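One file, data.cif, carrying mmCIF, C-alpha atoms:
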```cif
data_query
#
loop_
_atom_site.label_atom_id
_atom_site.label_comp_id
_atom_site.auth_asym_id
_atom_site.auth_seq_id
_atom_site.Cartn_x
_atom_site.Cartn_y
_atom_site.Cartn_z
CA MET I 1327 -50.30 32.88 10.36
CA ASN I 1328 -49.03 36.12 8.88
CA LYS I 1329 -46.73 35.18 6.02
CA GLN I 1330 -44.82 38.44 6.13
CA SER I 1331 -44.02 38.25 9.87
CA ASN I 1332 -40.46 37.77 11.06
CA THR I 1333 -41.26 34.55 12.93
CA TYR I 1334 -42.73 32.96 9.83
CA THR I 1335 -39.78 34.05 7.71
CA ILE I 1336 -37.20 32.68 10.15
CA LEU I 1337 -39.08 29.40 10.59
CA TYR I 1338 -39.49 29.06 6.85
CA ALA I 1339 -35.78 29.62 6.24
CA ALA I 1340 -34.79 27.19 9.00
CA VAL I 1341 -37.02 24.38 7.79
CA MET I 1342 -35.93 24.92 4.21
CA VAL I 1343 -32.22 24.80 5.07
CA ILE I 1344 -32.60 21.61 7.11
CA LEU I 1345 -34.60 19.90 4.36
CA VAL I 1346 -32.13 20.89 1.65
CA ALA I 1347 -29.18 19.81 3.79
CA ALA I 1348 -30.78 16.41 4.34
CA VAL I 1349 -31.45 15.91 0.63
CA LEU I 1350 -27.90 16.89 -0.32
CA ALA I 1351 -26.35 14.69 2.36
CA VAL I 1352 -28.32 11.67 1.14
CA THR I 1353 -27.32 12.33 -2.50
CA SER I 1354 -23.69 12.78 -1.58
CA LEU I 1355 -23.52 9.62 0.53
CA GLY I 1356 -25.39 7.59 -2.06
CA LEU I 1357 -23.06 8.53 -4.90
CA LYS I 1358 -19.79 8.67 -2.94
CA GLY I 1359 -18.66 5.15 -3.84
CA ARG I 1360 -19.04 5.62 -7.56
CA GLN I 1361 -17.38 9.02 -7.49
CA THR I 1362 -14.33 7.78 -5.58
CA ARG I 1363 -13.98 4.92 -8.02
CA ASN I 1364 -14.17 7.31 -10.97
CA VAL I 1365 -11.40 9.43 -9.48
CA GLU I 1366 -9.23 6.34 -8.91
CA ILE I 1367 -9.80 5.07 -12.44
CA ASP I 1368 -8.94 8.49 -13.79
CA LYS I 1369 -5.69 8.48 -11.81
CA MET I 1370 -4.82 5.04 -13.18
CA LYS I 1371 -5.46 6.30 -16.70
CA GLN I 1372 -3.13 9.24 -16.08
CA ILE I 1373 -0.37 7.05 -14.68
CA LEU I 1374 -0.68 4.63 -17.60
CA SER I 1375 -0.61 7.37 -20.22
CA SER I 1376 2.84 8.45 -19.00
CA VAL I 1377 4.13 5.09 -20.28
CA HIS I 1378 2.13 5.46 -23.51
CA VAL I 1379 -0.55 2.95 -22.52
CA ALA I 1380 -3.93 4.29 -23.63
CA ALA I 1381 -6.60 3.11 -21.18
CA THR I 1382 -10.34 3.71 -21.19
CA ALA I 1383 -12.55 3.94 -18.14
CA ALA I 1384 -13.56 0.32 -18.75
CA ASP I 1385 -10.13 -1.32 -18.91
CA ALA I 1386 -8.05 1.06 -16.77
CA GLN I 1387 -8.10 -1.11 -13.65
CA GLU I 1388 -7.19 -4.23 -15.57
CA LEU I 1389 -4.32 -2.54 -17.46
CA TYR I 1390 -3.10 -0.90 -14.28
CA ARG I 1391 -2.85 -4.29 -12.55
CA LYS I 1392 -1.09 -5.69 -15.59
CA TYR I 1393 1.57 -3.02 -16.06
CA ILE I 1394 2.15 -1.47 -12.63
CA ILE I 1395 3.98 -4.28 -10.90
CA ASP I 1396 5.02 -2.44 -7.77
CA SER I 1397 4.61 0.87 -5.99
CA PHE I 1398 6.21 2.26 -2.87
CA VAL I 1399 6.70 5.46 -0.90
CA LEU I 1400 10.14 6.93 -0.25
CA ASP I 1401 11.44 9.53 2.14
CA SER I 1402 14.00 12.08 0.93
CA LYS I 1403 16.90 9.83 1.96
CA GLY I 1404 15.70 7.23 -0.52
CA GLU I 1405 14.46 4.83 2.19
CA ARG I 1406 11.19 3.03 1.63
CA THR I 1407 8.44 3.90 4.10
CA ALA I 1408 6.89 0.68 5.36
CA GLY I 1409 3.17 0.21 5.03
CA ALA I 1410 2.49 3.34 2.98
CA ASP I 1411 0.32 3.15 -0.12
CA ALA I 1412 1.79 5.12 -3.02
CA PHE I 1413 -1.55 5.36 -4.79
CA THR I 1414 -3.27 7.26 -1.99
CA VAL I 1415 -0.48 9.80 -1.28
CA ASP I 1416 -1.83 13.28 -1.96
CA VAL I 1417 0.91 14.77 -4.15
CA ALA I 1418 -0.73 18.20 -4.03
CA VAL I 1419 -0.09 18.37 -0.28
CA GLN I 1420 3.36 16.76 -0.42
CA THR I 1421 4.85 19.17 -2.98
CA LYS I 1422 4.07 22.10 -0.68
CA LEU I 1423 6.12 20.60 2.19
CA PRO I 1424 9.89 21.16 2.59
CA ALA I 1425 11.82 18.68 0.43
CA ASP I 1426 13.12 16.59 3.34
CA GLU I 1427 9.67 16.04 4.89
CA ARG I 1428 7.86 14.75 1.82
CA GLU I 1429 6.43 11.35 1.13
CA LEU I 1430 7.56 10.42 -2.36
CA PRO I 1431 5.45 7.89 -4.28
CA VAL I 1432 7.06 5.75 -6.98
CA PHE I 1433 5.20 3.47 -9.37
CA VAL I 1434 7.14 0.68 -11.05
CA CYS I 1435 5.90 -0.38 -14.45
CA ARG I 1436 6.92 -3.33 -16.61
CA LEU I 1437 6.09 -2.99 -20.28
CA ASP I 1438 5.26 -5.78 -22.71
CA ASN I 1439 8.88 -5.91 -23.88
CA GLY I 1440 10.07 -6.48 -20.29
CA GLU I 1441 11.57 -3.01 -19.83
CA GLN I 1442 11.14 -1.53 -16.39
CA LYS I 1443 10.07 2.10 -15.96
CA TYR I 1444 9.75 4.28 -12.87
CA ILE I 1445 6.78 6.65 -12.79
CA LEU I 1446 6.97 9.74 -10.58
CA PRO I 1447 4.07 12.11 -9.90
CA LEU I 1448 4.34 15.87 -10.50
CA TYR I 1449 2.30 18.73 -9.11
CA GLY I 1450 2.63 22.49 -9.52
CA ALA I 1451 0.94 25.74 -10.43
CA GLY I 1452 0.08 27.03 -13.90
CA LEU I 1453 -1.38 30.39 -14.76
CA TRP I 1454 -4.98 29.96 -13.57
CA GLY I 1455 -4.81 26.91 -11.36
CA PRO I 1456 -2.99 23.70 -10.55
CA ILE I 1457 -1.17 21.63 -13.15
CA TRP I 1458 -0.02 18.06 -12.56
CA GLY I 1459 1.35 15.08 -14.36
CA TYR I 1460 3.40 11.90 -14.34
CA LEU I 1461 6.91 11.40 -15.64
CA ALA I 1462 8.11 7.92 -16.61
CA LEU I 1463 11.85 7.26 -16.39
CA ASP I 1464 13.92 4.45 -17.85
CA ALA I 1465 15.54 1.95 -15.52
CA ASP I 1466 18.68 4.13 -15.43
CA GLY I 1467 16.74 6.68 -13.34
CA ASN I 1468 17.83 9.46 -15.68
CA THR I 1469 16.34 9.24 -19.16
CA VAL I 1470 12.70 10.20 -19.64
CA TYR I 1471 10.54 7.56 -21.28
CA GLY I 1472 7.25 9.43 -21.34
CA ALA I 1473 5.37 12.30 -19.76
CA TYR I 1474 1.76 13.11 -19.05
CA PHE I 1475 0.53 16.57 -18.12
CA ALA I 1476 -2.89 17.81 -17.12
CA HIS I 1477 -4.31 21.07 -15.89
CA GLN I 1478 -7.42 22.41 -14.25
CA GLY I 1479 -8.13 25.60 -16.16
CA GLU I 1480 -5.28 26.80 -18.36
CA THR I 1481 -6.24 28.89 -21.39
CA PRO I 1482 -7.52 26.68 -24.23
CA GLY I 1483 -5.22 26.85 -27.25
CA LEU I 1484 -2.41 28.40 -25.19
CA GLY I 1485 -1.40 27.03 -21.79
CA ALA I 1486 -3.84 24.14 -22.14
CA GLU I 1487 -1.64 22.74 -24.92
CA ILE I 1488 0.59 21.16 -22.26
CA GLU I 1489 -1.85 18.26 -22.04
CA LYS I 1490 -1.46 17.45 -25.73
CA ALA I 1491 1.00 14.98 -27.23
CA PRO I 1492 3.10 17.49 -29.25
CA PHE I 1493 4.21 19.04 -25.96
CA SER I 1494 4.60 15.95 -23.78
CA ASP I 1495 6.28 13.89 -26.53
CA GLN I 1496 9.19 16.33 -26.52
CA PHE I 1497 10.27 14.99 -23.15
CA ARG I 1498 11.23 11.59 -24.49
CA ASP I 1499 14.97 10.81 -24.09
CA LYS I 1500 15.65 14.01 -22.14
CA ARG I 1501 17.90 13.53 -19.11
CA LEU I 1502 17.32 14.72 -15.56
CA PHE I 1503 20.99 14.45 -14.58
CA ILE I 1504 23.89 16.00 -16.46
CA ALA I 1505 27.32 14.74 -15.38
CA GLY I 1506 25.86 13.32 -12.20
CA ASP I 1507 24.11 16.50 -11.06
CA PHE I 1508 20.33 16.89 -10.90
CA THR I 1509 19.52 19.60 -13.44
CA SER I 1510 15.84 18.79 -14.10
CA ILE I 1511 14.46 19.59 -17.57
CA ALA I 1512 14.05 23.19 -18.65
CA VAL I 1513 11.14 24.53 -20.67
CA GLU I 1514 12.62 27.26 -22.85
CA LYS I 1515 11.42 29.69 -25.46
CA LYS I 1516 12.27 28.29 -28.89
CA GLY I 1517 15.87 29.07 -29.81
CA GLN I 1518 17.03 29.60 -26.23
CA LYS I 1519 19.05 27.24 -24.07
CA PRO I 1520 19.36 26.97 -20.29
CA SER I 1521 22.65 28.37 -19.01
CA ASN I 1522 23.49 25.32 -16.86
CA GLY I 1523 23.50 22.94 -19.82
CA ALA I 1524 20.38 21.06 -18.71
CA ASP I 1525 18.25 19.25 -21.25
CA TYR I 1526 15.32 21.35 -22.44
CA VAL I 1527 12.09 21.27 -24.42
CA ASP I 1528 10.31 24.03 -26.33
CA ALA I 1529 7.80 26.11 -24.38
CA ILE I 1530 4.35 26.91 -25.75
CA SER I 1531 3.94 30.17 -27.64
CA GLY I 1532 1.46 32.34 -25.79
CA GLY I 1533 1.62 30.01 -22.79
CA THR I 1534 4.69 31.47 -21.12
CA ILE I 1535 3.48 31.33 -17.53
CA THR I 1536 2.12 27.81 -17.90
CA SER I 1537 5.41 26.73 -19.51
CA LYS I 1538 7.39 28.26 -16.67
CA GLY I 1539 4.98 26.50 -14.31
CA VAL I 1540 5.83 23.16 -15.91
CA GLN I 1541 9.54 23.87 -15.53
CA ALA I 1542 9.12 24.81 -11.86
CA MET I 1543 6.87 21.80 -11.28
CA LEU I 1544 9.48 19.40 -12.72
CA ALA I 1545 12.29 20.87 -10.63
CA ASN I 1546 10.29 21.04 -7.40
CA SER I 1547 8.58 17.66 -7.69
CA LEU I 1548 11.62 15.67 -8.86
CA ALA I 1549 14.47 17.17 -6.80
CA PRO I 1550 13.60 15.20 -3.62
CA TYR I 1551 13.95 11.97 -5.61
CA THR I 1552 17.63 12.71 -6.30
CA VAL I 1553 18.99 10.14 -3.83
CA PHE I 1554 16.69 7.41 -5.12
CA LEU I 1555 17.35 8.14 -8.77
CA LYS I 1556 21.12 8.25 -8.25
CA SER I 1557 20.95 4.83 -6.59
CA LEU I 1558 19.52 3.48 -9.85
CA GLN I 1559 22.31 4.88 -11.99
CA MET X 330 -53.07 18.03 -26.56
CA LEU X 331 -51.94 21.37 -25.22
CA SER X 332 -54.06 24.47 -25.28
CA LYS X 333 -52.83 27.43 -27.28
CA LYS X 334 -51.56 29.24 -24.21
CA THR X 335 -49.59 26.30 -22.82
CA ARG X 336 -48.18 25.57 -26.25
CA GLN X 337 -47.00 29.17 -26.35
CA THR X 338 -45.37 28.63 -22.92
CA LEU X 339 -43.47 25.62 -24.18
CA LEU X 340 -42.58 26.69 -27.72
CA GLY X 341 -42.27 30.47 -27.35
CA PRO X 342 -38.78 30.28 -25.82
CA LEU X 343 -37.53 28.22 -28.76
CA SER X 344 -37.68 31.15 -31.13
CA ARG X 345 -39.49 34.42 -30.47
CA ASN X 346 -38.68 34.50 -26.76
CA ASN X 347 -35.40 32.63 -26.92
CA PRO X 348 -33.44 33.32 -23.72
CA VAL X 349 -30.06 33.47 -25.45
CA ILE X 350 -30.60 35.15 -28.80
CA VAL X 351 -33.57 37.39 -27.95
CA GLN X 352 -33.23 38.06 -24.23
CA ILE X 353 -29.40 37.74 -24.34
CA LEU X 354 -29.28 35.78 -21.07
CA GLY X 355 -26.90 32.97 -20.14
CA ILE X 356 -24.26 34.15 -22.61
CA CYS X 357 -21.36 33.41 -20.26
CA SER X 358 -21.84 29.66 -20.23
CA ALA X 359 -22.77 29.69 -23.92
CA LEU X 360 -19.25 30.95 -24.58
CA ALA X 361 -17.49 28.65 -22.18
CA VAL X 362 -18.81 25.18 -22.91
CA THR X 363 -19.38 25.29 -26.66
CA ALA X 364 -15.92 24.39 -27.97
CA LYS X 365 -17.09 20.77 -28.26
CA LEU X 366 -20.55 19.30 -28.83
CA GLU X 367 -20.51 16.78 -25.99
CA PRO X 368 -20.09 19.21 -23.08
CA ALA X 369 -22.52 21.63 -24.76
CA PHE X 370 -25.11 18.88 -24.99
CA VAL X 371 -24.63 17.78 -21.37
CA MET X 372 -24.78 21.40 -20.25
CA ALA X 373 -28.04 21.86 -22.20
CA VAL X 374 -29.60 18.79 -20.59
CA SER X 375 -28.37 19.85 -17.12
CA VAL X 376 -29.76 23.38 -17.43
CA THR X 377 -33.08 22.06 -18.77
CA ALA X 378 -33.40 19.61 -15.88
CA VAL X 379 -32.47 22.17 -13.23
CA LEU X 380 -34.72 24.83 -14.74
CA ALA X 381 -37.75 22.55 -15.10
CA PHE X 382 -37.52 21.18 -11.56
CA ALA X 383 -36.68 24.52 -9.98
CA ASN X 384 -39.68 26.05 -11.74
CA VAL X 385 -41.98 23.28 -10.45
CA ILE X 386 -40.66 23.49 -6.88
CA ILE X 387 -40.90 27.27 -6.73
CA SER X 388 -44.34 27.15 -8.30
CA LEU X 389 -45.54 24.64 -5.67
CA LEU X 390 -44.10 26.79 -2.89
CA ARG X 391 -45.17 30.11 -4.39
CA ASN X 392 -48.01 30.75 -1.96
CA THR X 393 -45.90 29.96 1.12
CA ILE X 394 -42.69 31.84 0.34
CA PRO X 395 -42.27 34.96 2.50
CA ASN X 396 -41.76 37.91 0.19
CA SER X 397 -38.71 39.24 2.00
CA ILE X 398 -36.60 36.12 1.42
CA ARG X 399 -38.07 35.20 -1.95
CA ILE X 400 -34.77 35.47 -3.86
CA ILE X 401 -32.90 33.50 -1.19
CA VAL X 402 -35.43 30.68 -1.38
CA GLN X 403 -35.08 30.59 -5.17
CA LEU X 404 -31.30 30.51 -4.90
CA VAL X 405 -31.33 27.70 -2.34
CA VAL X 406 -33.62 25.59 -4.52
CA VAL X 407 -31.48 26.20 -7.61
CA ALA X 408 -28.22 25.62 -5.74
CA ALA X 409 -29.47 22.34 -4.27
CA LEU X 410 -30.59 21.08 -7.68
CA VAL X 411 -27.30 22.11 -9.30
CA ILE X 412 -25.28 20.29 -6.63
CA ILE X 413 -27.37 17.17 -7.20
CA VAL X 414 -26.79 17.37 -10.98
CA ASP X 415 -23.07 17.91 -10.38
CA GLN X 416 -22.88 14.88 -8.08
CA ILE X 417 -24.74 12.70 -10.57
CA LEU X 418 -22.42 13.76 -13.40
CA LYS X 419 -19.37 13.01 -11.24
CA ALA X 420 -20.74 9.55 -10.52
CA TYR X 421 -22.05 8.59 -13.95
CA ALA X 422 -20.32 10.82 -16.54
CA TYR X 423 -16.95 11.57 -15.00
CA ASP X 424 -15.15 12.57 -18.21
CA VAL X 425 -17.83 15.06 -19.18
CA SER X 426 -17.98 16.45 -15.67
CA LYS X 427 -14.21 17.01 -15.85
CA GLN X 428 -14.63 18.97 -19.06
CA LEU X 429 -17.49 21.05 -17.69
CA SER X 430 -15.57 21.55 -14.42
CA VAL X 431 -16.79 24.75 -12.78
CA PHE X 432 -19.50 25.49 -15.29
CA VAL X 433 -21.97 23.03 -13.81
CA GLY X 434 -21.63 24.88 -10.51
CA LEU X 435 -22.06 28.14 -12.36
CA ILE X 436 -25.52 27.09 -13.57
CA ILE X 437 -26.56 28.62 -10.24
CA THR X 438 -25.66 32.05 -11.52
CA ASN X 439 -27.20 31.53 -14.96
CA CYS X 440 -29.53 34.50 -15.33
CA ILE X 441 -32.08 32.40 -17.22
CA LEU X 442 -32.87 30.45 -14.06
CA MET X 443 -33.48 33.37 -11.76
CA GLY X 444 -35.29 35.15 -14.57
CA ARG X 445 -37.76 32.31 -15.14
CA LEU X 446 -38.30 31.64 -11.41
CA GLU X 447 -38.95 35.27 -10.65
CA ALA X 448 -40.92 36.14 -13.78
CA PHE X 449 -42.89 32.94 -14.34
CA ALA X 450 -42.89 30.29 -11.62
CA LEU X 451 -43.93 32.71 -8.85
CA GLY X 452 -47.12 33.51 -10.73
CA HIS X 453 -48.13 30.26 -12.44
CA GLY X 454 -49.11 26.69 -11.58
CA PRO X 455 -46.68 23.76 -11.49
CA TRP X 456 -47.59 22.22 -14.88
CA GLU X 457 -47.27 25.51 -16.77
CA SER X 458 -44.06 26.26 -14.90
CA PHE X 459 -42.68 22.86 -15.83
CA LEU X 460 -43.41 23.52 -19.52
CA ASP X 461 -41.91 26.97 -19.25
CA GLY X 462 -38.76 25.49 -17.70
CA VAL X 463 -38.46 22.80 -20.35
CA GLY X 464 -39.12 25.33 -23.13
CA ASN X 465 -36.53 27.80 -21.90
CA GLY X 466 -34.02 25.02 -21.20
CA ILE X 467 -34.39 23.70 -24.73
CA GLY X 468 -34.29 27.22 -26.17
CA TYR X 469 -30.98 27.76 -24.37
CA GLY X 470 -29.63 24.31 -25.17
CA MET X 471 -30.58 24.58 -28.81
CA ILE X 472 -28.37 27.64 -29.26
CA LEU X 473 -25.55 25.96 -27.33
CA VAL X 474 -25.67 22.92 -29.58
CA ILE X 475 -25.81 25.01 -32.78
CA VAL X 476 -22.83 27.09 -31.66
CA ALA X 477 -20.91 23.99 -30.55
CA PHE X 478 -21.67 22.27 -33.87
CA PHE X 479 -19.94 25.01 -35.87
CA ARG X 480 -17.11 25.47 -33.38
CA GLU X 481 -16.25 21.78 -33.16
CA LEU X 482 -16.65 21.20 -36.91
CA LEU X 483 -14.52 24.14 -37.98
CA GLY X 484 -12.19 24.20 -34.96
CA SER X 485 -11.41 20.51 -34.52
CA GLY X 486 -12.84 18.85 -37.65
CA THR X 487 -14.86 16.50 -35.43
CA LEU X 488 -18.45 16.12 -34.22
CA PHE X 489 -19.08 14.52 -30.83
CA GLY X 490 -15.40 13.58 -30.97
CA TYR X 491 -15.67 11.65 -34.25
CA GLN X 492 -13.55 12.81 -37.15
CA VAL X 493 -15.90 14.05 -39.88
CA ILE X 494 -13.53 16.03 -42.08
CA PRO X 495 -11.69 13.35 -44.06
CA GLN X 496 -7.93 13.06 -43.81
CA ILE X 497 -7.55 13.75 -47.52
CA PHE X 498 -8.68 17.37 -46.93
CA TYR X 499 -5.77 17.82 -44.54
CA ASP X 500 -3.43 16.24 -47.06
CA TRP X 501 -4.55 18.87 -49.55
CA GLY X 502 -3.66 21.62 -47.12
CA TYR X 503 -6.87 22.20 -45.15
CA GLU X 504 -6.23 23.40 -41.60
CA ASN X 505 -8.52 23.41 -38.58
CA ASN X 506 -9.32 26.96 -37.57
CA GLY X 507 -7.78 27.27 -34.11
CA LEU X 508 -9.59 30.56 -33.55
CA MET X 509 -12.93 28.69 -33.44
CA ILE X 510 -11.82 26.97 -30.22
CA LEU X 511 -11.29 30.29 -28.43
CA PRO X 512 -14.17 32.05 -26.62
CA PRO X 513 -14.40 35.10 -28.95
CA MET X 514 -15.62 32.91 -31.80
CA ALA X 515 -18.52 31.71 -29.66
CA LEU X 516 -19.62 35.31 -29.32
CA ILE X 517 -19.29 35.87 -33.07
CA THR X 518 -21.19 32.64 -33.82
CA VAL X 519 -23.99 33.68 -31.43
CA ALA X 520 -24.06 37.07 -33.15
CA CYS X 521 -24.43 35.36 -36.55
CA ILE X 522 -27.33 33.29 -35.21
CA ILE X 523 -28.98 36.46 -33.87
CA TRP X 524 -28.48 38.11 -37.26
CA VAL X 525 -30.14 35.24 -39.12
CA HIS X 526 -32.93 35.04 -36.54
CA ARG X 527 -33.73 38.75 -36.66
CA SER X 528 -33.67 38.88 -40.41
CA ARG X 529 -36.37 36.18 -40.40
CA ASN X 530 -38.37 37.83 -37.59
CA LYS X 531 -38.50 41.43 -38.66
CA ASP X 532 -40.65 42.59 -35.73
CA LEU X 533 -37.79 41.74 -33.33
CA GLN X 534 -35.51 44.26 -35.01
CA GLU X 535 -34.86 47.37 -32.97
CA LYS X 536 -35.71 50.63 -34.71
#
```
Step by step, read the file and then write its structure as structure tokens.
Amino acid sequence: MNKQSNTYTILYAAVMVILVAAVLAVTSLGLKGRQTRNVEIDKMKQILSSVHVAATAADAQELYRKYIIDSFVLDSKGERTAGADAFTVDVAVQTKLPADERELPVFVCRLDNGEQKYILPLYGAGLWGPIWGYLALDADGNTVYGAYFAHQGETPGLGAEIEKAPFSDQFRDKRLFIAGDFTSIAVEKKGQKPSNGADYVDAISGGTITSKGVQAMLANSLAPYTVFLKSLQ
Amino acid sequence: MLSKKTRQTLLGPLSRNNPVIVQILGICSALAVTAKLEPAFVMAVSVTAVLAFANVIISLLRNTIPNSIRIIVQLVVVAALVIIVDQILKAYAYDVSKQLSVFVGLIITNCILMGRLEAFALGHGPWESFLDGVGNGIGYGMILVIVAFFRELLGSGTLFGYQVIPQIFYDWGYENNGLMILPPMALITVACIIWVHRSRNKDLQEK
């Protein structure tokens, strides 16, 4: 058969594509279970690090079962949605919906000293891609106990600093409500203060857009929880 | 064990034909993944594996590939191998795969791969092509690891994540050089390696 003919070329391409597709499908199916588990373990590690529990891939599941005593999904009126699993709610999708249509996951954590914390997921946009995190609140539904932030591709050394402790540790003891109103937490250039009197943390030098992204993420992700958090106060 | 010619195929790319510092290929990923040793090492292994297998597959197919879709066939083979590597990393080395993020996928566009497939595998047998792939992969990975060694040591004071610069240095006022973490320093480090390499191999110097 003439190897330069059109028929040969088309046949060759067709057979090649089908073979490659089959190989990739088999690989993907074969590894799916492990990959999903890795993603779940990673999520558990993230949730735990918001309450300052350092987990490794090996003990994440165990620690998660130990500390996270309850989780539920709320609607914007603060009512629990029956039968919903907080762990599997896709926060990325939910934060793009209007506030009153969202499913709002809450994770309840009990620490070794018996204190109860509420962990709320966050999701927003940084400079180059998505940023996300978890915010742990004290039982009063107002004071921040711990924060965890992560990002997909912020600039190393600049915006990417949000995932490091010096940034997230600033959030400790900040309040989401001032005089009963939800004010969120502002991320401000050093030396500046928000005009509405909200609590604030220092932004990252050279990471202005990422810092503003964190501020917007906090406000957008947490505002729908207002009813629930007020009921705790 | 190996004849002189095959030894040249395997070892040439380590120094005199090095894809990064002589042919200046694959620079993009050399900048991106070398802030820490671990991702650099995994990237080196991934590229070597993809390159060696892609070379063998293309070499086996070389007499059947229609000339008009030659590049497409090469790309499909490379892309399939890269996806498999990416899936394996996600399943067995999740943390590293998170650090490498898009760069594993970008192995597809690494010029070294297409360069070796087009220039070598299409004209040589599978065994030679395999050695050529391994040699070029190691030549690339070697530079990555050297660059990452200096960047992690000077930028973070660690190697493979372990603290190697003792705390007492910091107490005396030593600071990690944050600039080493940023991409420009990778370029400067590569340039230094090229400088040293050319000064030892005078015939590579341009007139």
* To do: Using the chain letters and numbers from the file, give me the residues hit by the PyMOL selection byres ((chain I and resi 1432-1435) around 10), as an MDAnalysis selection string.
  => chainID I and resid 1373:1374 1377 1390:1400 1406 1411:1413 1429:1431 1436:1438 1440:1447 1460 1462:1465 1551 1554
Produce a file of the selected residues containing C-alpha atoms, as a tab-separated table (two decimals), in the frame of the given file.
```tsv
chain	number	residue	atom	x	y	z
I	1373	ILE	CA	-0.37	7.05	-14.68
I	1374	LEU	CA	-0.68	4.63	-17.60
I	1377	VAL	CA	4.13	5.09	-20.28
I	1390	TYR	CA	-3.10	-0.90	-14.28
I	1391	ARG	CA	-2.85	-4.29	-12.55
I	1392	LYS	CA	-1.09	-5.69	-15.59
I	1393	TYR	CA	1.57	-3.02	-16.06
I	1394	ILE	CA	2.15	-1.47	-12.63
I	1395	ILE	CA	3.98	-4.28	-10.90
I	1396	ASP	CA	5.02	-2.44	-7.77
I	1397	SER	CA	4.61	0.87	-5.99
I	1398	PHE	CA	6.21	2.26	-2.87
I	1399	VAL	CA	6.70	5.46	-0.90
I	1400	LEU	CA	10.14	6.93	-0.25
I	1406	ARG	CA	11.19	3.03	1.63
I	1411	ASP	CA	0.32	3.15	-0.12
I	1412	ALA	CA	1.79	5.12	-3.02
I	1413	PHE	CA	-1.55	5.36	-4.79
I	1429	GLU	CA	6.43	11.35	1.13
I	1430	LEU	CA	7.56	10.42	-2.36
I	1431	PRO	CA	5.45	7.89	-4.28
I	1436	ARG	CA	6.92	-3.33	-16.61
I	1437	LEU	CA	6.09	-2.99	-20.28
I	1438	ASP	CA	5.26	-5.78	-22.71
I	1440	GLY	CA	10.07	-6.48	-20.29
I	1441	GLU	CA	11.57	-3.01	-19.83
I	1442	GLN	CA	11.14	-1.53	-16.39
I	1443	LYS	CA	10.07	2.10	-15.96
I	1444	TYR	CA	9.75	4.28	-12.87
I	1445	ILE	CA	6.78	6.65	-12.79
I	1446	LEU	CA	6.97	9.74	-10.58
I	1447	PRO	CA	4.07	12.11	-9.90
I	1460	TYR	CA	3.40	11.90	-14.34
I	1462	ALA	CA	8.11	7.92	-16.61
I	1463	LEU	CA	11.85	7.26	-16.39
I	1464	ASP	CA	13.92	4.45	-17.85
I	1465	ALA	CA	15.54	1.95	-15.52
I	1551	TYR	CA	13.95	11.97	-5.61
I	1554	PHE	CA	16.69	7.41	-5.12
```
Next item on the list: Apply the PyMOL selection byres ((chain X) within 12 of (chain I)) to the structure shown and report the selected residues as a ChimeraX atom specification.
Entry: /X:361-362,364-365,390-432,484-485,506-513
Q | Residues near range 481-483 of chain X, cut-off 12 Å, only C-alpha atoms, skip fewer than 2 positions along chain, as a VMD selection string | A | chain X and resid 362 to 369 473 to 479 485 to 495 503 to 511 514 to 515 518
From CA of Ala1486 in chain I to CA of Met1543 in chain I the spacing works out at 15.4 Å
Atom pair CA of Asp1401 in chain I + CA of Val1417 in chain I, distance 13.3 Å
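Rounded to one decimal, CA of His526 in chain X and CA of Met372 in chain X lie 22.8 Å from each other.
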(4.9, 27.5, -16.8) in this file's frame - what residues fall within 10 Å of it? Use all atoms listed in the file and give the answer as number ranges by chain.
I: 1450-1453, 1457, 1485, 1488, 1513-1514, 1529-1530, 1533-1543
Item checked: Result set, the PyMOL selection byres ((chain I and resi 1498) around 9) on current file, as a VMD selection string -> chain I and resid 1469 to 1473 1494 to 1497 1499 to 1501
